[in-house]
>>> print(open('query_13.pdb').read())   # PDB, N, CA and C atoms
ATOM      1  N   ILE A  21      55.890  96.420  94.763  1.00  0.00           N
ATOM      2  CA  ILE A  21      56.790  97.507  95.022  1.00  0.00           C
ATOM      3  C   ILE A  21      57.964  96.927  95.787  1.00  0.00           C
ATOM      4  N   LEU A  22      59.163  97.159  95.305  1.00  0.00           N
ATOM      5  CA  LEU A  22      60.374  96.734  95.988  1.00  0.00           C
ATOM      6  C   LEU A  22      60.884  97.902  96.806  1.00  0.00           C
ATOM      7  N   SER A  23      61.219  97.653  98.075  1.00  0.00           N
ATOM      8  CA  SER A  23      61.686  98.753  98.916  1.00  0.00           C
ATOM      9  C   SER A  23      62.732  98.272  99.902  1.00  0.00           C
ATOM     10  N   THR A  24      63.425  99.231 100.461  1.00  0.00           N
ATOM     11  CA  THR A  24      64.328  98.996 101.583  1.00  0.00           C
ATOM     12  C   THR A  24      63.779  99.809 102.739  1.00  0.00           C
ATOM     13  N   LYS A  25      63.644  99.180 103.907  1.00  0.00           N
ATOM     14  CA  LYS A  25      63.182  99.938 105.063  1.00  0.00           C
ATOM     15  C   LYS A  25      64.123  99.681 106.231  1.00  0.00           C
ATOM     16  N   SER A  26      64.184 100.637 107.133  1.00  0.00           N
ATOM     17  CA  SER A  26      65.088 100.556 108.276  1.00  0.00           C
ATOM     18  C   SER A  26      64.288 100.475 109.572  1.00  0.00           C
ATOM     19  N   PRO A  27      64.173  99.268 110.151  1.00  0.00           N
ATOM     20  CA  PRO A  27      63.458  99.147 111.412  1.00  0.00           C
ATOM     21  C   PRO A  27      64.242  99.718 112.589  1.00  0.00           C
ATOM     22  N   SER A  28      65.550  99.934 112.401  1.00  0.00           N
ATOM     23  CA  SER A  28      66.381 100.572 113.427  1.00  0.00           C
ATOM     24  C   SER A  28      67.446 101.399 112.723  1.00  0.00           C
ATOM     25  N   SER A  29      68.188 102.174 113.474  1.00  0.00           N
ATOM     26  CA  SER A  29      69.175 103.066 112.864  1.00  0.00           C
ATOM     27  C   SER A  29      70.353 102.329 112.249  1.00  0.00           C
ATOM     28  N   SER A  30      70.604 101.093 112.656  1.00  0.00           N
ATOM     29  CA  SER A  30      71.772 100.377 112.163  1.00  0.00           C
ATOM     30  C   SER A  30      71.440  99.173 111.283  1.00  0.00           C
ATOM     31  N   ARG A  31      70.185  98.914 111.022  1.00  0.00           N
ATOM     32  CA  ARG A  31      69.785  97.744 110.231  1.00  0.00           C
ATOM     33  C   ARG A  31      68.758  98.135 109.176  1.00  0.00           C
ATOM     34  N   SER A  32      68.722  97.366 108.090  1.00  0.00           N
ATOM     35  CA  SER A  32      67.708  97.573 107.062  1.00  0.00           C
ATOM     36  C   SER A  32      67.275  96.215 106.533  1.00  0.00           C
ATOM     37  N   VAL A  33      66.098  96.163 105.918  1.00  0.00           N
ATOM     38  CA  VAL A  33      65.557  94.937 105.337  1.00  0.00           C
ATOM     39  C   VAL A  33      65.003  95.251 103.953  1.00  0.00           C
ATOM     40  N   ILE A  34      64.915  94.219 103.124  1.00  0.00           N
ATOM     41  CA  ILE A  34      64.282  94.329 101.814  1.00  0.00           C
ATOM     42  C   ILE A  34      62.823  93.925 101.980  1.00  0.00           C
ATOM     43  N   SER A  35      61.911  94.699 101.395  1.00  0.00           N
ATOM     44  CA  SER A  35      60.483  94.399 101.463  1.00  0.00           C
ATOM     45  C   SER A  35      59.879  94.381 100.068  1.00  0.00           C
ATOM     46  N   ILE A  36      58.926  93.476  99.882  1.00  0.00           N
ATOM     47  CA  ILE A  36      58.081  93.505  98.693  1.00  0.00           C
ATOM     48  C   ILE A  36      56.667  93.787  99.177  1.00  0.00           C
ATOM     49  N   VAL A  37      56.090  94.863  98.662  1.00  0.00           N
ATOM     50  CA  VAL A  37      54.728  95.264  99.006  1.00  0.00           C
ATOM     51  C   VAL A  37      53.857  94.994  97.797  1.00  0.00           C
ATOM     52  N   THR A  38      52.778  94.257  97.975  1.00  0.00           N
ATOM     53  CA  THR A  38      51.831  94.039  96.884  1.00  0.00           C
ATOM     54  C   THR A  38      50.586  94.878  97.139  1.00  0.00           C
ATOM     55  N   ALA A  39      50.020  95.389  96.059  1.00  0.00           N
ATOM     56  CA  ALA A  39      48.834  96.236  96.154  1.00  0.00           C
ATOM     57  C   ALA A  39      47.876  95.866  95.034  1.00  0.00           C
ATOM     58  N   ASP A  40      46.611  96.218  95.226  1.00  0.00           N
ATOM     59  CA  ASP A  40      45.641  95.982  94.164  1.00  0.00           C
ATOM     60  C   ASP A  40      45.659  97.167  93.189  1.00  0.00           C
ATOM     61  N   ALA A  41      44.799  97.138  92.204  1.00  0.00           N
ATOM     62  CA  ALA A  41      44.790  98.167  91.157  1.00  0.00           C
ATOM     63  C   ALA A  41      44.454  99.563  91.679  1.00  0.00           C
ATOM     64  N   THR A  42      43.811  99.647  92.832  1.00  0.00           N
ATOM     65  CA  THR A  42      43.469 100.953  93.388  1.00  0.00           C
ATOM     66  C   THR A  42      44.512 101.465  94.372  1.00  0.00           C
ATOM     67  N   GLY A  43      45.582 100.669  94.601  1.00  0.00           N
ATOM     68  CA  GLY A  43      46.647 101.099  95.491  1.00  0.00           C
ATOM     69  C   GLY A  43      46.511 100.641  96.921  1.00  0.00           C
ATOM     70  N   ASN A  44      45.494  99.846  97.217  1.00  0.00           N
ATOM     71  CA  ASN A  44      45.338  99.319  98.576  1.00  0.00           C
ATOM     72  C   ASN A  44      46.369  98.234  98.839  1.00  0.00           C
ATOM     73  N   LYS A  45      47.090  98.345  99.953  1.00  0.00           N
ATOM     74  CA  LYS A  45      48.127  97.378 100.301  1.00  0.00           C
ATOM     75  C   LYS A  45      47.490  96.034 100.627  1.00  0.00           C
ATOM     76  N   LEU A  46      47.970  94.978  99.960  1.00  0.00           N
ATOM     77  CA  LEU A  46      47.468  93.631 100.199  1.00  0.00           C
ATOM     78  C   LEU A  46      48.384  92.847 101.130  1.00  0.00           C
ATOM     79  N   SER A  47      49.697  92.992 100.947  1.00  0.00           N
ATOM     80  CA  SER A  47      50.621  92.257 101.807  1.00  0.00           C
ATOM     81  C   SER A  47      51.993  92.915 101.777  1.00  0.00           C
ATOM     82  N   VAL A  48      52.789  92.614 102.813  1.00  0.00           N
ATOM     83  CA  VAL A  48      54.182  93.045 102.894  1.00  0.00           C
ATOM     84  C   VAL A  48      54.999  91.831 103.309  1.00  0.00           C
ATOM     85  N   ASN A  49      56.045  91.526 102.553  1.00  0.00           N
ATOM     86  CA  ASN A  49      56.952  90.439 102.893  1.00  0.00           C
ATOM     87  C   ASN A  49      58.340  91.018 103.066  1.00  0.00           C
ATOM     88  N   ASP A  50      58.930  90.809 104.249  1.00  0.00           N
ATOM     89  CA  ASP A  50      60.265  91.308 104.558  1.00  0.00           C
ATOM     90  C   ASP A  50      61.279  90.183 104.433  1.00  0.00           C
ATOM     91  N   PHE A  51      62.464  90.524 103.950  1.00  0.00           N
ATOM     92  CA  PHE A  51      63.554  89.568 103.792  1.00  0.00           C
ATOM     93  C   PHE A  51      64.794  90.129 104.469  1.00  0.00           C
ATOM     94  N   GLY A  52      65.453  89.296 105.257  1.00  0.00           N
ATOM     95  CA  GLY A  52      66.686  89.705 105.908  1.00  0.00           C
ATOM     96  C   GLY A  52      66.470  90.531 107.156  1.00  0.00           C
ATOM     97  N   LEU A  53      65.510  90.135 107.992  1.00  0.00           N
ATOM     98  CA  LEU A  53      65.272  90.868 109.230  1.00  0.00           C
ATOM     99  C   LEU A  53      66.551  90.926 110.066  1.00  0.00           C
ATOM    100  N   SER A  54      66.814  92.070 110.668  1.00  0.00           N
ATOM    101  CA  SER A  54      67.991  92.314 111.506  1.00  0.00           C
ATOM    102  C   SER A  54      69.305  92.189 110.744  1.00  0.00           C
ATOM    103  N   THR A  55      69.289  92.552 109.478  1.00  0.00           N
ATOM    104  CA  THR A  55      70.511  92.550 108.663  1.00  0.00           C
ATOM    105  C   THR A  55      70.732  93.952 108.120  1.00  0.00           C
ATOM    106  N   GLY A  56      71.602  94.062 107.148  1.00  0.00           N
ATOM    107  CA  GLY A  56      71.850  95.331 106.485  1.00  0.00           C
ATOM    108  C   GLY A  56      71.519  95.255 105.015  1.00  0.00           C
ATOM    109  N   LEU A  57      70.452  94.536 104.649  1.00  0.00           N
ATOM    110  CA  LEU A  57      70.092  94.366 103.241  1.00  0.00           C
ATOM    111  C   LEU A  57      69.533  95.651 102.641  1.00  0.00           C
ATOM    112  N   THR A  58      69.952  95.927 101.418  1.00  0.00           N
ATOM    113  CA  THR A  58      69.444  97.049 100.649  1.00  0.00           C
ATOM    114  C   THR A  58      69.027  96.535  99.278  1.00  0.00           C
ATOM    115  N   ALA A  59      67.821  96.858  98.838  1.00  0.00           N
ATOM    116  CA  ALA A  59      67.302  96.378  97.552  1.00  0.00           C
ATOM    117  C   ALA A  59      67.846  97.194  96.391  1.00  0.00           C
ATOM    118  N   SER A  60      68.115  96.515  95.282  1.00  0.00           N
ATOM    119  CA  SER A  60      68.563  97.189  94.065  1.00  0.00           C
ATOM    120  C   SER A  60      67.588  96.984  92.913  1.00  0.00           C
ATOM    121  N   SER A  61      67.219  95.721  92.653  1.00  0.00           N
ATOM    122  CA  SER A  61      66.290  95.433  91.555  1.00  0.00           C
ATOM    123  C   SER A  61      65.671  94.063  91.780  1.00  0.00           C
ATOM    124  N   PHE A  62      64.624  93.771  91.003  1.00  0.00           N
ATOM    125  CA  PHE A  62      64.003  92.452  91.093  1.00  0.00           C
ATOM    126  C   PHE A  62      63.427  92.067  89.748  1.00  0.00           C
ATOM    127  N   GLN A  63      63.213  90.774  89.576  1.00  0.00           N
ATOM    128  CA  GLN A  63      62.646  90.225  88.344  1.00  0.00           C
ATOM    129  C   GLN A  63      61.701  89.105  88.730  1.00  0.00           C
ATOM    130  N   ILE A  64      60.511  89.077  88.133  1.00  0.00           N
ATOM    131  CA  ILE A  64      59.587  87.970  88.367  1.00  0.00           C
ATOM    132  C   ILE A  64      60.126  86.736  87.651  1.00  0.00           C
ATOM    133  N   THR A  65      59.937  85.578  88.245  1.00  0.00           N
ATOM    134  CA  THR A  65      60.408  84.330  87.662  1.00  0.00           C
ATOM    135  C   THR A  65      59.242  83.566  87.042  1.00  0.00           C
ATOM    136  N   PRO A  66      59.524  82.600  86.160  1.00  0.00           N
ATOM    137  CA  PRO A  66      58.439  81.868  85.496  1.00  0.00           C
ATOM    138  C   PRO A  66      57.469  81.177  86.461  1.00  0.00           C
ATOM    139  N   ASP A  67      57.929  80.851  87.677  1.00  0.00           N
ATOM    140  CA  ASP A  67      57.045  80.176  88.631  1.00  0.00           C
ATOM    141  C   ASP A  67      56.224  81.149  89.474  1.00  0.00           C
ATOM    142  N   GLY A  68      56.330  82.454  89.195  1.00  0.00           N
ATOM    143  CA  GLY A  68      55.555  83.443  89.926  1.00  0.00           C
ATOM    144  C   GLY A  68      56.244  84.015  91.148  1.00  0.00           C
ATOM    145  N   GLY A  69      57.477  83.589  91.412  1.00  0.00           N
ATOM    146  CA  GLY A  69      58.264  84.156  92.504  1.00  0.00           C
ATOM    147  C   GLY A  69      59.074  85.343  91.998  1.00  0.00           C
ATOM    148  N   PHE A  70      60.047  85.749  92.779  1.00  0.00           N
ATOM    149  CA  PHE A  70      60.920  86.856  92.400  1.00  0.00           C
ATOM    150  C   PHE A  70      62.365  86.505  92.693  1.00  0.00           C
ATOM    151  N   ILE A  71      63.268  87.066  91.906  1.00  0.00           N
ATOM    152  CA  ILE A  71      64.679  87.106  92.258  1.00  0.00           C
ATOM    153  C   ILE A  71      64.972  88.562  92.567  1.00  0.00           C
ATOM    154  N   ILE A  72      65.514  88.810  93.754  1.00  0.00           N
ATOM    155  CA  ILE A  72      65.816  90.159  94.209  1.00  0.00           C
ATOM    156  C   ILE A  72      67.328  90.303  94.302  1.00  0.00           C
ATOM    157  N   ALA A  73      67.860  91.364  93.731  1.00  0.00           N
ATOM    158  CA  ALA A  73      69.280  91.667  93.839  1.00  0.00           C
ATOM    159  C   ALA A  73      69.446  92.850  94.774  1.00  0.00           C
ATOM    160  N   GLY A  74      70.475  92.787  95.571  1.00  0.00           N
ATOM    161  CA  GLY A  74      70.751  93.880  96.491  1.00  0.00           C
ATOM    162  C   GLY A  74      72.127  93.745  97.089  1.00  0.00           C
ATOM    163  N   THR A  75      72.342  94.425  98.194  1.00  0.00           N
ATOM    164  CA  THR A  75      73.616  94.350  98.894  1.00  0.00           C
ATOM    165  C   THR A  75      73.365  94.104 100.376  1.00  0.00           C
ATOM    166  N   ASN A  76      74.403  93.641 101.044  1.00  0.00           N
ATOM    167  CA  ASN A  76      74.341  93.378 102.472  1.00  0.00           C
ATOM    168  C   ASN A  76      75.569  94.002 103.109  1.00  0.00           C
ATOM    169  N   GLU A  77      75.366  94.947 104.003  1.00  0.00           N
ATOM    170  CA  GLU A  77      76.476  95.640 104.631  1.00  0.00           C
ATOM    171  C   GLU A  77      76.639  95.270 106.095  1.00  0.00           C
ATOM    172  N   VAL A  78      76.130  94.117 106.508  1.00  0.00           N
ATOM    173  CA  VAL A  78      76.170  93.756 107.920  1.00  0.00           C
ATOM    174  C   VAL A  78      77.469  93.061 108.319  1.00  0.00           C
ATOM    175  N   THR A  79      78.263  92.597 107.364  1.00  0.00           N
ATOM    176  CA  THR A  79      79.441  91.800 107.684  1.00  0.00           C
ATOM    177  C   THR A  79      80.524  92.605 108.400  1.00  0.00           C
ATOM    178  N   GLU A  80      80.958  93.692 107.825  1.00  0.00           N
ATOM    179  CA  GLU A  80      81.984  94.551 108.410  1.00  0.00           C
ATOM    180  C   GLU A  80      81.766  95.962 107.917  1.00  0.00           C
ATOM    181  N   GLU A  81      82.313  96.907 108.629  1.00  0.00           N
ATOM    182  CA  GLU A  81      82.234  98.289 108.181  1.00  0.00           C
ATOM    183  C   GLU A  81      82.998  98.430 106.869  1.00  0.00           C
ATOM    184  N   ASN A  82      82.434  99.174 105.944  1.00  0.00           N
ATOM    185  CA  ASN A  82      83.029  99.420 104.618  1.00  0.00           C
ATOM    186  C   ASN A  82      83.227  98.157 103.803  1.00  0.00           C
ATOM    187  N   ASN A  83      82.450  97.121 104.066  1.00  0.00           N
ATOM    188  CA  ASN A  83      82.529  95.879 103.309  1.00  0.00           C
ATOM    189  C   ASN A  83      81.124  95.506 102.872  1.00  0.00           C
ATOM    190  N   THR A  84      80.857  95.579 101.575  1.00  0.00           N
ATOM    191  CA  THR A  84      79.531  95.290 101.040  1.00  0.00           C
ATOM    192  C   THR A  84      79.575  94.009 100.227  1.00  0.00           C
ATOM    193  N   THR A  85      78.612  93.131 100.427  1.00  0.00           N
ATOM    194  CA  THR A  85      78.527  91.899  99.671  1.00  0.00           C
ATOM    195  C   THR A  85      77.226  91.871  98.866  1.00  0.00           C
ATOM    196  N   LEU A  86      77.226  91.114  97.783  1.00  0.00           N
ATOM    197  CA  LEU A  86      76.042  90.953  96.941  1.00  0.00           C
ATOM    198  C   LEU A  86      75.025  90.074  97.641  1.00  0.00           C
ATOM    199  N   ALA A  87      73.762  90.419  97.523  1.00  0.00           N
ATOM    200  CA  ALA A  87      72.671  89.606  98.069  1.00  0.00           C
ATOM    201  C   ALA A  87      71.736  89.230  96.932  1.00  0.00           C
ATOM    202  N   LEU A  88      71.457  87.950  96.791  1.00  0.00           N
ATOM    203  CA  LEU A  88      70.469  87.452  95.835  1.00  0.00           C
ATOM    204  C   LEU A  88      69.447  86.641  96.615  1.00  0.00           C
ATOM    205  N   ILE A  89      68.184  86.956  96.428  1.00  0.00           N
ATOM    206  CA  ILE A  89      67.099  86.278  97.140  1.00  0.00           C
ATOM    207  C   ILE A  89      66.134  85.730  96.105  1.00  0.00           C
ATOM    208  N   LYS A  90      65.783  84.461  96.219  1.00  0.00           N
ATOM    209  CA  LYS A  90      64.748  83.850  95.374  1.00  0.00           C
ATOM    210  C   LYS A  90      63.548  83.588  96.265  1.00  0.00           C
ATOM    211  N   THR A  91      62.430  84.230  95.965  1.00  0.00           N
ATOM    212  CA  THR A  91      61.228  84.007  96.752  1.00  0.00           C
ATOM    213  C   THR A  91      60.468  82.805  96.209  1.00  0.00           C
ATOM    214  N   ASN A  92      59.660  82.243  97.060  1.00  0.00           N
ATOM    215  CA  ASN A  92      58.812  81.118  96.715  1.00  0.00           C
ATOM    216  C   ASN A  92      57.474  81.661  96.190  1.00  0.00           C
ATOM    217  N   ALA A  93      57.045  81.206  95.048  1.00  0.00           N
ATOM    218  CA  ALA A  93      55.777  81.668  94.475  1.00  0.00           C
ATOM    219  C   ALA A  93      54.606  81.351  95.391  1.00  0.00           C
ATOM    220  N   ALA A  94      54.717  80.338  96.226  1.00  0.00           N
ATOM    221  CA  ALA A  94      53.639  79.949  97.125  1.00  0.00           C
ATOM    222  C   ALA A  94      53.407  80.967  98.244  1.00  0.00           C
ATOM    223  N   LEU A  95      54.313  81.940  98.408  1.00  0.00           N
ATOM    224  CA  LEU A  95      54.118  82.958  99.428  1.00  0.00           C
ATOM    225  C   LEU A  95      52.960  83.894  99.095  1.00  0.00           C
ATOM    226  N   GLY A  96      52.475  83.821  97.863  1.00  0.00           N
ATOM    227  CA  GLY A  96      51.363  84.664  97.474  1.00  0.00           C
ATOM    228  C   GLY A  96      51.790  86.054  97.073  1.00  0.00           C
ATOM    229  N   LEU A  97      53.030  86.192  96.653  1.00  0.00           N
ATOM    230  CA  LEU A  97      53.509  87.522  96.249  1.00  0.00           C
ATOM    231  C   LEU A  97      52.959  87.901  94.902  1.00  0.00           C
TER     232      LEU A  97
END
>>> encode(input="query_13.pdb", output="C-alpha cells")
Amino acid sequence: ILSTKSPSSSRSVISIVTADATGNKLSVNDFGLSTGLTASSFQITPDGGFIIAGTNEVTEENNTTLALIKTNAALGL
C-alpha cells in the first residue's frame, strides 16, 4: 500500500505498507522523514524494489518539485 502520512502539521512522508493476504500489517517503510513528500504512484522493479513518484513541497511556499525514489529490494518490501 502506498500512502502519504503527516507526522506533523507542516511535514509529510511517503510510506509503503506491506501486508499479508489476510490484511495483517507486516512492515512500514517511510521515505523522506521531515520533508514535504507526497506519494502519487509506484511501480515494482525487476529486482523486487519499487520506483515511487511523488512531489516535494518543502523547498519554498508554492513551489513543488518532482520526487523519484528507488527502493532497494533488500529492504524486504
>>> residues_around(input="query_13.pdb", residues="Ile34 in chain A", least_positions_apart="6", cutoff="5 Å", atoms="only N, CA and C atoms", output="CSV table (one decimal) with N, CA and C atoms, keeping the file's coordinate frame")
chain,number,residue,atom,x,y,z
A,23,SER,N,61.2,97.7,98.1
A,23,SER,CA,61.7,98.8,98.9
A,23,SER,C,62.7,98.3,99.9
A,24,THR,N,63.4,99.2,100.5
A,24,THR,CA,64.3,99.0,101.6
A,24,THR,C,63.8,99.8,102.7
A,50,ASP,N,58.9,90.8,104.2
A,50,ASP,CA,60.3,91.3,104.6
A,50,ASP,C,61.3,90.2,104.4
A,51,PHE,N,62.5,90.5,104.0
A,51,PHE,CA,63.6,89.6,103.8
A,51,PHE,C,64.8,90.1,104.5
A,57,LEU,N,70.5,94.5,104.6
A,57,LEU,CA,70.1,94.4,103.2
A,57,LEU,C,69.5,95.7,102.6
>>> select_by_dssp(input="query_13.pdb", residues="range 21-94 of chain A", states="strand (DSSP E or B)", output="short mmCIF file (atom, residue, chain, number, x, y, z; two decimals) with N, CA and C atoms, in the frame of the given file")
data_model
loop_
_atom_site.label_atom_id
_atom_site.label_comp_id
_atom_site.auth_asym_id
_atom_site.auth_seq_id
_atom_site.Cartn_x
_atom_site.Cartn_y
_atom_site.Cartn_z
N LEU A 22 59.16 97.16 95.30
CA LEU A 22 60.37 96.73 95.99
C LEU A 22 60.88 97.90 96.81
N SER A 23 61.22 97.65 98.08
CA SER A 23 61.69 98.75 98.92
C SER A 23 62.73 98.27 99.90
N THR A 24 63.42 99.23 100.46
CA THR A 24 64.33 99.00 101.58
C THR A 24 63.78 99.81 102.74
N LYS A 25 63.64 99.18 103.91
CA LYS A 25 63.18 99.94 105.06
C LYS A 25 64.12 99.68 106.23
N SER A 26 64.18 100.64 107.13
CA SER A 26 65.09 100.56 108.28
C SER A 26 64.29 100.48 109.57
N PRO A 27 64.17 99.27 110.15
CA PRO A 27 63.46 99.15 111.41
C PRO A 27 64.24 99.72 112.59
N SER A 28 65.55 99.93 112.40
CA SER A 28 66.38 100.57 113.43
C SER A 28 67.45 101.40 112.72
N ARG A 31 70.18 98.91 111.02
CA ARG A 31 69.78 97.74 110.23
C ARG A 31 68.76 98.14 109.18
N SER A 32 68.72 97.37 108.09
CA SER A 32 67.71 97.57 107.06
C SER A 32 67.28 96.22 106.53
N VAL A 33 66.10 96.16 105.92
CA VAL A 33 65.56 94.94 105.34
C VAL A 33 65.00 95.25 103.95
N ILE A 34 64.92 94.22 103.12
CA ILE A 34 64.28 94.33 101.81
C ILE A 34 62.82 93.92 101.98
N SER A 35 61.91 94.70 101.40
CA SER A 35 60.48 94.40 101.46
C SER A 35 59.88 94.38 100.07
N ILE A 36 58.93 93.48 99.88
CA ILE A 36 58.08 93.50 98.69
C ILE A 36 56.67 93.79 99.18
N VAL A 37 56.09 94.86 98.66
CA VAL A 37 54.73 95.26 99.01
C VAL A 37 53.86 94.99 97.80
N THR A 38 52.78 94.26 97.98
CA THR A 38 51.83 94.04 96.88
C THR A 38 50.59 94.88 97.14
N ALA A 39 50.02 95.39 96.06
CA ALA A 39 48.83 96.24 96.15
C ALA A 39 47.88 95.87 95.03
N LYS A 45 47.09 98.34 99.95
CA LYS A 45 48.13 97.38 100.30
C LYS A 45 47.49 96.03 100.63
N LEU A 46 47.97 94.98 99.96
CA LEU A 46 47.47 93.63 100.20
C LEU A 46 48.38 92.85 101.13
N SER A 47 49.70 92.99 100.95
CA SER A 47 50.62 92.26 101.81
C SER A 47 51.99 92.92 101.78
N VAL A 48 52.79 92.61 102.81
CA VAL A 48 54.18 93.04 102.89
C VAL A 48 55.00 91.83 103.31
N ASN A 49 56.04 91.53 102.55
CA ASN A 49 56.95 90.44 102.89
C ASN A 49 58.34 91.02 103.07
N ASP A 50 58.93 90.81 104.25
CA ASP A 50 60.26 91.31 104.56
C ASP A 50 61.28 90.18 104.43
N PHE A 51 62.46 90.52 103.95
CA PHE A 51 63.55 89.57 103.79
C PHE A 51 64.79 90.13 104.47
N GLY A 52 65.45 89.30 105.26
CA GLY A 52 66.69 89.70 105.91
C GLY A 52 66.47 90.53 107.16
N LEU A 53 65.51 90.14 107.99
CA LEU A 53 65.27 90.87 109.23
C LEU A 53 66.55 90.93 110.07
N SER A 54 66.81 92.07 110.67
CA SER A 54 67.99 92.31 111.51
C SER A 54 69.31 92.19 110.74
N THR A 55 69.29 92.55 109.48
CA THR A 55 70.51 92.55 108.66
C THR A 55 70.73 93.95 108.12
N GLY A 56 71.60 94.06 107.15
CA GLY A 56 71.85 95.33 106.48
C GLY A 56 71.52 95.26 105.02
N LEU A 57 70.45 94.54 104.65
CA LEU A 57 70.09 94.37 103.24
C LEU A 57 69.53 95.65 102.64
N THR A 58 69.95 95.93 101.42
CA THR A 58 69.44 97.05 100.65
C THR A 58 69.03 96.54 99.28
N ALA A 59 67.82 96.86 98.84
CA ALA A 59 67.30 96.38 97.55
C ALA A 59 67.85 97.19 96.39
N SER A 60 68.11 96.52 95.28
CA SER A 60 68.56 97.19 94.06
C SER A 60 67.59 96.98 92.91
N SER A 61 67.22 95.72 92.65
CA SER A 61 66.29 95.43 91.56
C SER A 61 65.67 94.06 91.78
N PHE A 62 64.62 93.77 91.00
CA PHE A 62 64.00 92.45 91.09
C PHE A 62 63.43 92.07 89.75
N GLN A 63 63.21 90.77 89.58
CA GLN A 63 62.65 90.22 88.34
C GLN A 63 61.70 89.10 88.73
N ILE A 64 60.51 89.08 88.13
CA ILE A 64 59.59 87.97 88.37
C ILE A 64 60.13 86.74 87.65
N PHE A 70 60.05 85.75 92.78
CA PHE A 70 60.92 86.86 92.40
C PHE A 70 62.36 86.50 92.69
N ILE A 71 63.27 87.07 91.91
CA ILE A 71 64.68 87.11 92.26
C ILE A 71 64.97 88.56 92.57
N ILE A 72 65.51 88.81 93.75
CA ILE A 72 65.82 90.16 94.21
C ILE A 72 67.33 90.30 94.30
N ALA A 73 67.86 91.36 93.73
CA ALA A 73 69.28 91.67 93.84
C ALA A 73 69.45 92.85 94.77
N GLY A 74 70.47 92.79 95.57
CA GLY A 74 70.75 93.88 96.49
C GLY A 74 72.13 93.74 97.09
N THR A 75 72.34 94.42 98.19
CA THR A 75 73.62 94.35 98.89
C THR A 75 73.36 94.10 100.38
N ASN A 76 74.40 93.64 101.04
CA ASN A 76 74.34 93.38 102.47
C ASN A 76 75.57 94.00 103.11
N GLU A 77 75.37 94.95 104.00
CA GLU A 77 76.48 95.64 104.63
C GLU A 77 76.64 95.27 106.10
N VAL A 78 76.13 94.12 106.51
CA VAL A 78 76.17 93.76 107.92
C VAL A 78 77.47 93.06 108.32
N THR A 79 78.26 92.60 107.36
CA THR A 79 79.44 91.80 107.68
C THR A 79 80.52 92.60 108.40
N GLU A 80 80.96 93.69 107.82
CA GLU A 80 81.98 94.55 108.41
C GLU A 80 81.77 95.96 107.92
N ASN A 83 82.45 97.12 104.07
CA ASN A 83 82.53 95.88 103.31
C ASN A 83 81.12 95.51 102.87
N THR A 84 80.86 95.58 101.58
CA THR A 84 79.53 95.29 101.04
C THR A 84 79.58 94.01 100.23
N THR A 85 78.61 93.13 100.43
CA THR A 85 78.53 91.90 99.67
C THR A 85 77.23 91.87 98.87
N LEU A 86 77.23 91.11 97.78
CA LEU A 86 76.04 90.95 96.94
C LEU A 86 75.03 90.07 97.64
N ALA A 87 73.76 90.42 97.52
CA ALA A 87 72.67 89.61 98.07
C ALA A 87 71.74 89.23 96.93
N LEU A 88 71.46 87.95 96.79
CA LEU A 88 70.47 87.45 95.84
C LEU A 88 69.45 86.64 96.62
N ILE A 89 68.18 86.96 96.43
CA ILE A 89 67.10 86.28 97.14
C ILE A 89 66.13 85.73 96.10
N LYS A 90 65.78 84.46 96.22
CA LYS A 90 64.75 83.85 95.37
C LYS A 90 63.55 83.59 96.26
#
>>> closest_residue(input="query_13.pdb", among="A:Gly68, A:Gly43, A:Arg31, A:Thr38", to="Gly56 in chain A", atoms="all atoms listed in the file")
A:Arg31
>>> residues_around(input="query_13.pdb", residues="Thr55 in chain A", least_positions_apart="3", cutoff="6 Å", atoms="all atoms listed in the file", output="list of chain:residue names")
A:Arg31, A:Ser32, A:Val33, A:Gly52, A:Val78
>>> atom_distance(input="query_13.pdb", atom1="atom C of Leu46 in chain A", atom2="CA of Ala93 in chain A")
15.0 Å
>>> residues_around(input="query_13.pdb", residues="Ala87 in chain A", least_positions_apart="2", cutoff="7 Å", atoms="only C-alpha atoms", output="ChimeraX atom specification")
/A:73-76,85,89
>>> atom_distance(input="query_13.pdb", atom1="CA of Ser47 in chain A", atom2="CA of Asp67 in chain A")
19.0 Å
>>> closest_residue(input="query_13.pdb", among="A:Ile71, A:Lys25, A:Val48, A:Glu77", to="Thr91 in chain A", atoms="only N, CA and C atoms")
A:Ile71
>>> residues_near_point(input="query_13.pdb", point="(64.8, 90.7, 93.4)", cutoff="5 Å", atoms="all atoms listed in the file", output="ChimeraX atom specification")
/A:61-63,70-73
